[in-house]
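This is data-v2.tsv (TSV, N, CA and C atoms).
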```
chain	number	residue	atom	x	y	z
A	372	MET	N	-33.52	34.53	104.99
A	372	MET	CA	-34.36	33.75	104.13
A	372	MET	C	-33.61	33.48	102.83
A	373	ALA	N	-33.82	32.35	102.23
A	373	ALA	CA	-33.17	32.02	100.97
A	373	ALA	C	-34.14	31.25	100.08
A	374	GLU	N	-33.96	31.39	98.75
A	374	GLU	CA	-34.74	30.61	97.80
A	374	GLU	C	-33.86	30.34	96.59
A	375	ILE	N	-34.19	29.33	95.83
A	375	ILE	CA	-33.43	29.02	94.62
A	375	ILE	C	-33.72	30.08	93.58
A	376	LYS	N	-32.67	30.54	92.94
A	376	LYS	CA	-32.76	31.60	91.93
A	376	LYS	C	-32.90	30.95	90.57
A	377	GLY	N	-34.09	30.91	90.02
A	377	GLY	CA	-34.36	30.18	88.80
A	377	GLY	C	-33.87	30.81	87.52
A	378	GLU	N	-33.78	32.13	87.42
A	378	GLU	CA	-33.42	32.75	86.14
A	378	GLU	C	-31.92	32.84	85.91
A	379	ALA	N	-31.11	32.41	86.86
A	379	ALA	CA	-29.66	32.44	86.68
A	379	ALA	C	-29.22	31.30	85.76
A	380	ARG	N	-28.09	31.48	85.10
A	380	ARG	CA	-27.56	30.43	84.22
A	380	ARG	C	-27.11	29.21	85.00
A	381	ARG	N	-26.50	29.42	86.16
A	381	ARG	CA	-26.06	28.32	87.01
A	381	ARG	C	-26.87	28.39	88.31
A	382	PRO	N	-27.05	27.26	88.98
A	382	PRO	CA	-27.83	27.28	90.21
A	382	PRO	C	-27.28	28.28	91.22
A	383	ALA	N	-28.16	29.00	91.86
A	383	ALA	CA	-27.78	30.01	92.84
A	383	ALA	C	-28.90	30.16	93.86
A	384	PHE	N	-28.58	30.82	94.94
A	384	PHE	CA	-29.58	31.13	95.95
A	384	PHE	C	-29.75	32.62	96.07
A	385	ARG	N	-30.98	33.07	96.21
A	385	ARG	CA	-31.26	34.45	96.59
A	385	ARG	C	-31.27	34.48	98.10
A	386	LEU	N	-30.60	35.45	98.68
A	386	LEU	CA	-30.53	35.58	100.14
A	386	LEU	C	-31.09	36.93	100.57
A	387	TRP	N	-31.81	36.93	101.67
A	387	TRP	CA	-32.25	38.16	102.32
A	387	TRP	C	-31.59	38.14	103.69
A	388	ILE	N	-30.69	39.11	103.95
A	388	ILE	CA	-29.87	39.12	105.15
A	388	ILE	C	-30.25	40.33	106.00
A	389	ASP	N	-30.57	40.09	107.28
A	389	ASP	CA	-30.95	41.15	108.21
A	389	ASP	C	-29.70	41.73	108.86
A	390	PHE	N	-29.35	42.97	108.52
A	390	PHE	CA	-28.19	43.65	109.08
A	390	PHE	C	-28.55	44.57	110.25
A	391	GLY	N	-29.72	44.41	110.80
A	391	GLY	CA	-30.13	45.20	111.95
A	391	GLY	C	-30.88	46.46	111.56
A	392	PRO	N	-31.36	47.22	112.58
A	392	PRO	CA	-32.24	48.35	112.33
A	392	PRO	C	-31.61	49.50	111.55
A	393	GLU	N	-30.30	49.71	111.66
A	393	GLU	CA	-29.67	50.82	110.94
A	393	GLU	C	-29.58	50.57	109.44
A	394	ILE	N	-29.32	49.33	109.05
A	394	ILE	CA	-29.12	49.00	107.64
A	394	ILE	C	-30.34	48.32	107.06
A	395	GLY	N	-30.98	47.45	107.83
A	395	GLY	CA	-32.16	46.74	107.37
A	395	GLY	C	-31.81	45.45	106.66
A	396	VAL	N	-32.78	44.92	105.93
A	396	VAL	CA	-32.61	43.66	105.20
A	396	VAL	C	-32.04	43.98	103.82
A	397	ARG	N	-30.99	43.27	103.45
A	397	ARG	CA	-30.37	43.44	102.13
A	397	ARG	C	-30.42	42.11	101.39
A	398	ARG	N	-30.44	42.19	100.06
A	398	ARG	CA	-30.51	41.00	99.22
A	398	ARG	C	-29.11	40.67	98.69
A	399	SER	N	-28.90	39.38	98.44
A	399	SER	CA	-27.65	38.94	97.83
A	399	SER	C	-27.90	37.66	97.05
A	400	SER	N	-26.95	37.30	96.22
A	400	SER	CA	-27.00	36.05	95.48
A	400	SER	C	-25.74	35.27	95.83
A	401	ALA	N	-25.88	33.98	96.08
A	401	ALA	CA	-24.76	33.16	96.50
A	401	ALA	C	-23.98	32.58	95.31
A	402	GLN	N	-24.29	32.97	94.09
A	402	GLN	CA	-23.56	32.49	92.91
A	402	GLN	C	-23.33	33.66	91.97
A	403	ILE	N	-22.13	33.78	91.47
A	403	ILE	CA	-21.83	34.85	90.52
A	403	ILE	C	-21.97	34.27	89.11
A	404	THR	N	-22.73	34.93	88.27
A	404	THR	CA	-22.88	34.50	86.88
A	404	THR	C	-22.66	35.70	85.98
A	405	LYS	N	-22.43	35.43	84.72
A	405	LYS	CA	-22.19	36.51	83.76
A	405	LYS	C	-23.42	37.43	83.64
A	406	HIS	N	-24.58	36.82	83.58
A	406	HIS	CA	-25.83	37.59	83.48
A	406	HIS	C	-26.71	37.17	84.65
A	407	VAL	N	-26.83	38.04	85.64
A	407	VAL	CA	-27.52	37.64	86.87
A	407	VAL	C	-29.02	37.89	86.84
A	408	GLY	N	-29.54	38.44	85.80
A	408	GLY	CA	-30.98	38.63	85.72
A	408	GLY	C	-31.43	39.88	86.46
A	409	PRO	N	-32.74	39.97	86.76
A	409	PRO	CA	-33.29	41.19	87.35
A	409	PRO	C	-33.04	41.35	88.84
A	410	PHE	N	-32.35	40.41	89.47
A	410	PHE	CA	-32.13	40.46	90.91
A	410	PHE	C	-30.79	41.10	91.19
A	411	GLN	N	-30.78	42.28	91.84
A	411	GLN	CA	-29.54	43.00	92.12
A	411	GLN	C	-29.07	42.71	93.54
A	412	SER	N	-27.82	42.26	93.70
A	412	SER	CA	-27.27	41.99	95.02
A	412	SER	C	-26.99	43.29	95.75
A	413	GLU	N	-27.29	43.33	97.05
A	413	GLU	CA	-27.03	44.49	97.89
A	413	GLU	C	-26.13	44.13	99.06
A	414	ALA	N	-25.70	42.88	99.14
A	414	ALA	CA	-24.85	42.41	100.24
A	414	ALA	C	-23.99	41.27	99.72
A	415	LEU	N	-23.02	40.85	100.50
A	415	LEU	CA	-22.12	39.78	100.10
A	415	LEU	C	-22.18	38.66	101.12
A	416	ALA	N	-22.40	37.44	100.64
A	416	ALA	CA	-22.35	36.26	101.49
A	416	ALA	C	-20.99	35.60	101.27
A	417	THR	N	-20.28	35.25	102.34
A	417	THR	CA	-18.96	34.65	102.22
A	417	THR	C	-18.99	33.21	102.69
A	418	GLY	N	-18.09	32.41	102.17
A	418	GLY	CA	-18.05	31.01	102.55
A	418	GLY	C	-16.72	30.37	102.21
A	419	PHE	N	-16.60	29.11	102.55
A	419	PHE	CA	-15.40	28.32	102.32
A	419	PHE	C	-15.82	27.00	101.70
A	420	ARG	N	-14.94	26.40	100.90
A	420	ARG	CA	-15.22	25.08	100.33
A	420	ARG	C	-14.80	24.00	101.33
A	421	ASP	N	-15.65	22.97	101.47
A	421	ASP	CA	-15.29	21.85	102.34
A	421	ASP	C	-14.47	20.84	101.54
A	422	ALA	N	-14.14	19.71	102.12
A	422	ALA	CA	-13.30	18.71	101.47
A	422	ALA	C	-13.90	18.17	100.18
A	423	ASP	N	-15.23	18.22	100.04
A	423	ASP	CA	-15.90	17.74	98.83
A	423	ASP	C	-16.16	18.85	97.82
A	424	GLY	N	-15.76	20.08	98.14
A	424	GLY	CA	-15.96	21.21	97.23
A	424	GLY	C	-17.25	21.96	97.42
A	425	ALA	N	-18.12	21.52	98.34
A	425	ALA	CA	-19.37	22.24	98.61
A	425	ALA	C	-19.08	23.48	99.44
A	426	VAL	N	-19.86	24.53	99.24
A	426	VAL	CA	-19.65	25.78	99.96
A	426	VAL	C	-20.35	25.76	101.31
A	427	VAL	N	-19.62	26.15	102.34
A	427	VAL	CA	-20.14	26.30	103.69
A	427	VAL	C	-20.13	27.79	104.00
A	428	LEU	N	-21.29	28.36	104.33
A	428	LEU	CA	-21.35	29.79	104.63
A	428	LEU	C	-20.53	30.13	105.86
A	429	ALA	N	-19.80	31.25	105.78
A	429	ALA	CA	-19.03	31.73	106.92
A	429	ALA	C	-20.00	32.32	107.94
A	430	ARG	N	-19.76	32.02	109.20
A	430	ARG	CA	-20.61	32.58	110.25
A	430	ARG	C	-19.77	32.71	111.52
A	431	PRO	N	-20.09	33.69	112.36
A	431	PRO	CA	-19.31	33.87	113.58
A	431	PRO	C	-19.49	32.70	114.54
A	432	GLU	N	-18.45	32.42	115.29
A	432	GLU	CA	-18.50	31.36	116.30
A	432	GLU	C	-19.32	31.79	117.51
A	433	PHE	N	-19.29	33.08	117.81
A	433	PHE	CA	-20.01	33.62	118.97
A	433	PHE	C	-21.08	34.60	118.48
A	434	PRO	N	-22.13	34.83	119.26
A	434	PRO	CA	-23.16	35.79	118.85
A	434	PRO	C	-22.57	37.19	118.67
A	435	VAL	N	-22.99	37.86	117.62
A	435	VAL	CA	-22.60	39.26	117.35
A	435	VAL	C	-23.86	40.03	117.01
A	436	PRO	N	-23.86	41.35	117.21
A	436	PRO	CA	-25.06	42.13	116.90
A	436	PRO	C	-25.37	42.12	115.41
A	437	ASN	N	-26.64	42.17	115.06
A	437	ASN	CA	-27.03	42.34	113.66
A	437	ASN	C	-26.36	43.60	113.12
A	438	GLY	N	-25.84	43.53	111.92
A	438	GLY	CA	-25.21	44.69	111.30
A	438	GLY	C	-23.74	44.86	111.65
A	439	ALA	N	-23.17	43.97	112.47
A	439	ALA	CA	-21.74	44.09	112.81
A	439	ALA	C	-20.92	43.95	111.54
A	440	ARG	N	-19.80	44.66	111.47
A	440	ARG	CA	-18.94	44.63	110.28
A	440	ARG	C	-17.94	43.48	110.33
A	441	LEU	N	-17.70	42.88	109.17
A	441	LEU	CA	-16.68	41.85	109.01
A	441	LEU	C	-15.35	42.59	108.83
A	442	VAL	N	-14.39	42.31	109.71
A	442	VAL	CA	-13.10	43.02	109.65
A	442	VAL	C	-11.95	42.07	109.42
```
Go through the file and emit its structure as structure tokens.
Amino acid sequence: MAEIKGEARRPAFRLWIDFGPEIGVRRSSAQITKHVGPFQSEALATGFRDADGAVVLARPEFPVPNGARLV
């Protein structure tokens, strides 16, 4: 789940990421700012810039179990 993070200085998204039953749902923010407000990130979302500079979230090409580690 994601929503726009209004209290950040620059536009950002709040993310809730399901890492499976052992870890559970963790929160993250898709934008780093100097003062991030009362929302504490508990996970990291990774991505790449496309030709226009927009961020595309990294995701596996094939299905992987919830909670699998990025290596």
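Taking CA of Gly395 (chain A) as the reference point, atom N of Leu441 (chain A) is found at 15.1 Å.
The two atoms in question, CA of Arg385 (chain A) and CA of Phe433 (chain A), are spaced 25.1 Å apart.
Straight-line separation from CA of Ala383 (chain A) to CA of Arg397 (chain A): 16.5 Å.
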Find the spatial neighbours of region 435-440 of chain A, counting all atoms listed in the file, within a cut-off of 6.5 Å - ignore same-chain residues fewer than 6 positions away - and output them as a ChimeraX atom specification. /A:389-392
List as an NGL selection string the residues having at least one atom at most 8 Å from position (-26.1, 42.2, 99.7) as given in the file, counting all atoms listed in the file. :A and (386-388 or 396-400 or 411-416)
